[in-house]
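Below: the structure, in structure tokens.
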Amino acid sequence: MNGIAWALLGTLFTFGVTTLGALNVYWVKKEVSSRMQCMFLGFAGGVMIAASVWSLLLPAIERAEALAQTGWLVTTAGFLLGVISLLGADALFKRHYLRRLAGGQISTLKQRTVMMITAITIHNIPEGMAVGLAFAMAASEPGNAALFSGAVALAVGIGIQNYPEGTAVALPLHSDGMSKRKAALYGSLSASVEPLFGVLAAVLAVIVTPLMPLLLSYAAGTMIYVVIQELMPEAHLGEGDKTATLSFVAGFLVMMILDVSLG
């Protein structure tokens with residue numbers, strides 16, 4: 001099976017886990033508490049930072065050097081491109097969001113709900129890219145079992161933190177007045193960007209092999225930007241509460257153990 005097909009399967013897995021989480025809206029009676037949201041976001045941040053290091057930046061440096069590229073230069077360029085891309089996307093979103101808010105188009109939802117859902121959806125983009133690129137890289141070296149194990153570990157790690165995210169999207173939507181069916185649908189769709197961007201990244205990596213290190217570091221830059229800009233500030237809204245920090249540590253260790261032990 002080629003890298004693009006593996007990328008599709010890997011990101012469909014993470015998308016499917018998000019859908020399972022969103023279905024919790026049918027049997028969970030109350031909205032996710034602030035503490036639970038902090039825990040979900042902190043754990044997701046830990047997984048993403050660990051994945052950025054072990055599954056993206058280190059492989060990007062190794063692959064760049066194997067292609068006779070300057071590892072630190074290529075990864076730095078890709079990382080900065082990722083950050084700059086999301087800076088631009090963030091500015092465009094805020095302008096669009098404020099315009100819709102002023103026009104009353106999203107008045108039925110709480111601003112906090114909209115911002116949290118948007119943050120989760122945006123951070124699913126680099127997650128999808130990361131999983132797609134990991135499988136594309138593994139497929140490019142069929143004899144390297146460690147690369148494939150690492151890709152599987154990354155998909156599992158992303159999937160673990162996607163489950164509560166599906167719930168964290170669906171429950172607030174239902175609490176704000178949306179039907180359970182629509183809330184579950186939107187919770188599932190928040191991860192629909194993962195297969196799309198995962199396959200797109202894999203296609204680029206397969207077609208233009210020398211771009212692989214740049215794409216890996218690009219995904220790392222976007223993931224780390226999302227963690228610092230969106231997830232951790234939201235996770236630390238509970239002043240004096242260490243839930244987010246401890247959850248971040250747990251997520252980081254889970255992803256690191258999965259990646260190192262399997263990869």
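All residue names refer to the structure tokens as shown: chains lettered A, B, ... in order, residues numbered from 1 in each chain, ligands numbered from 1 in order.
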Checklist entry - Which residues come within 6 Å of A:Val199, counting only C-alpha atoms, excluding same-chain residues fewer than 2 positions away, as a list in words? => result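 Here the answer would be Ile4, Ala7, Leu8, Gly132, Pro195, Leu196, Phe197, Ala201 and Ala202 of chain A.
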File of the preceding selection, N, CA and C atoms, as a compact mmCIF listing (two decimals), in the first residue's frame:
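Written out: selection_11.txt:
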# COMPACT_ATOMS: atom_id res chain seq x y z
N ILE A 4 0.05 7.48 0.31
CA ILE A 4 -1.19 8.25 0.29
C ILE A 4 -2.34 7.44 0.89
N ALA A 7 -1.85 7.24 4.56
CA ALA A 7 -2.19 8.55 5.15
C ALA A 7 -3.70 8.68 5.31
N LEU A 8 -4.44 8.24 4.29
CA LEU A 8 -5.90 8.29 4.36
C LEU A 8 -6.43 7.41 5.49
N GLY A 132 -0.49 12.16 8.20
CA GLY A 132 -0.31 11.85 6.78
C GLY A 132 1.15 11.78 6.38
N PRO A 195 -8.37 14.13 7.58
CA PRO A 195 -8.13 13.35 6.35
C PRO A 195 -7.78 14.24 5.16
N LEU A 196 -8.43 15.38 5.05
CA LEU A 196 -8.19 16.28 3.92
C LEU A 196 -6.73 16.75 3.89
N PHE A 197 -6.26 17.31 4.98
CA PHE A 197 -4.90 17.84 5.01
C PHE A 197 -3.86 16.73 5.14
N ALA A 201 -0.97 16.56 2.34
CA ALA A 201 0.45 16.60 2.72
C ALA A 201 1.17 15.37 2.18
N ALA A 202 0.53 14.21 2.26
CA ALA A 202 1.14 12.97 1.78
C ALA A 202 1.35 13.02 0.26
Checklist entry - If we count only C-alpha atoms, what is near A:Lys180 at a cut-off of 10 Å, once residues fewer than 5 positions away on the same chain are taken out, given as a list of chain:residue names? => result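 What passes the distance filter is A:Ala22, A:Leu23, A:Asn24, A:Val25, A:Tyr26, A:Trp27, A:Ala170, A:Leu171, A:Leu173, A:His174, A:Ser175, A:Leu185, A:Tyr186.
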Using only N, CA and C atoms, please write the residues we just selected to a file, as a PDB file, in the first residue's frame.
ATOM      1  N   ALA A  22     -17.801  12.620  19.865  1.00  0.00           N
ATOM      2  CA  ALA A  22     -18.945  13.523  19.649  1.00  0.00           C
ATOM      3  C   ALA A  22     -20.269  12.832  19.957  1.00  0.00           C
ATOM      4  N   LEU A  23     -20.328  11.518  19.766  1.00  0.00           N
ATOM      5  CA  LEU A  23     -21.564  10.775  20.033  1.00  0.00           C
ATOM      6  C   LEU A  23     -21.909  10.730  21.518  1.00  0.00           C
ATOM      7  N   ASN A  24     -20.981  11.107  22.379  1.00  0.00           N
ATOM      8  CA  ASN A  24     -21.260  11.152  23.811  1.00  0.00           C
ATOM      9  C   ASN A  24     -22.390  12.119  24.146  1.00  0.00           C
ATOM     10  N   VAL A  25     -22.687  13.024  23.215  1.00  0.00           N
ATOM     11  CA  VAL A  25     -23.753  13.996  23.466  1.00  0.00           C
ATOM     12  C   VAL A  25     -25.098  13.298  23.672  1.00  0.00           C
ATOM     13  N   TYR A  26     -25.230  12.048  23.191  1.00  0.00           N
ATOM     14  CA  TYR A  26     -26.495  11.336  23.318  1.00  0.00           C
ATOM     15  C   TYR A  26     -26.726  10.769  24.715  1.00  0.00           C
ATOM     16  N   TRP A  27     -25.649  10.518  25.457  1.00  0.00           N
ATOM     17  CA  TRP A  27     -25.861   9.924  26.788  1.00  0.00           C
ATOM     18  C   TRP A  27     -25.220  10.696  27.945  1.00  0.00           C
ATOM     19  N   ALA A 170     -19.156  18.800  20.974  1.00  0.00           N
ATOM     20  CA  ALA A 170     -20.582  18.490  20.865  1.00  0.00           C
ATOM     21  C   ALA A 170     -21.404  18.967  22.063  1.00  0.00           C
ATOM     22  N   LEU A 171     -20.917  18.759  23.277  1.00  0.00           N
ATOM     23  CA  LEU A 171     -21.706  19.099  24.459  1.00  0.00           C
ATOM     24  C   LEU A 171     -22.000  20.597  24.593  1.00  0.00           C
ATOM     25  N   LEU A 173     -22.233  22.765  22.225  1.00  0.00           N
ATOM     26  CA  LEU A 173     -23.189  23.112  21.170  1.00  0.00           C
ATOM     27  C   LEU A 173     -24.609  22.736  21.585  1.00  0.00           C
ATOM     28  N   HIS A 174     -24.756  21.541  22.162  1.00  0.00           N
ATOM     29  CA  HIS A 174     -26.077  21.116  22.623  1.00  0.00           C
ATOM     30  C   HIS A 174     -26.554  21.992  23.778  1.00  0.00           C
ATOM     31  N   SER A 175     -25.633  22.355  24.657  1.00  0.00           N
ATOM     32  CA  SER A 175     -25.976  23.222  25.792  1.00  0.00           C
ATOM     33  C   SER A 175     -26.440  24.595  25.329  1.00  0.00           C
ATOM     34  N   LEU A 185     -22.981  15.904  14.869  1.00  0.00           N
ATOM     35  CA  LEU A 185     -22.467  16.065  13.508  1.00  0.00           C
ATOM     36  C   LEU A 185     -21.345  17.097  13.469  1.00  0.00           C
ATOM     37  N   TYR A 186     -21.576  18.260  14.092  1.00  0.00           N
ATOM     38  CA  TYR A 186     -20.556  19.299  14.097  1.00  0.00           C
ATOM     39  C   TYR A 186     -19.333  18.868  14.903  1.00  0.00           C
TER      40      TYR A 186
END
Checklist entry - Contacts of A:Leu204 at 12 Å or less, counting only C-alpha atoms, minus same-chain residues fewer than 2 places along, as an NGL selection string? => result :A and (3-4 or 7 or 129 or 132-133 or 136-137 or 197-202 or 206-216)
Next on the checklist: With DSSP run on the backbone, what are the alpha helix (DSSP H) residues within stretch 20-64 of chain A? I'd like them as an MDAnalysis selection string.
Outcome noted: chainID A and resid 20:22 34:51 58:64
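Pairwise distance (atom CA of A:Ala44, atom CA of A:Val249) equals 10.1 Å.
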Item to check | Non-local contacts of A:Glu165 (7 Å; only C-alpha atoms; under 4 positions in same chain excluded) as a ChimeraX atom specification | outcome: /A:18,21,40,161,169
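Atom CA of A:Thr76 to atom CA of A:Leu9 spans 29.4 Å [interatomic distance, one decimal].
Closest to A:Leu58 among A:Ala220, A:Val156, A:Val226, A:Leu246 is A:Ala220, based on only C-alpha atoms.
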Next on the checklist: Would you compute the distance between atom CA of A:Val254 and atom CA of A:Gly157? Give it in Å to one decimal.
Outcome noted: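 Separation of atom CA of A:Val254 and atom CA of A:Gly157: 7.4 Å.
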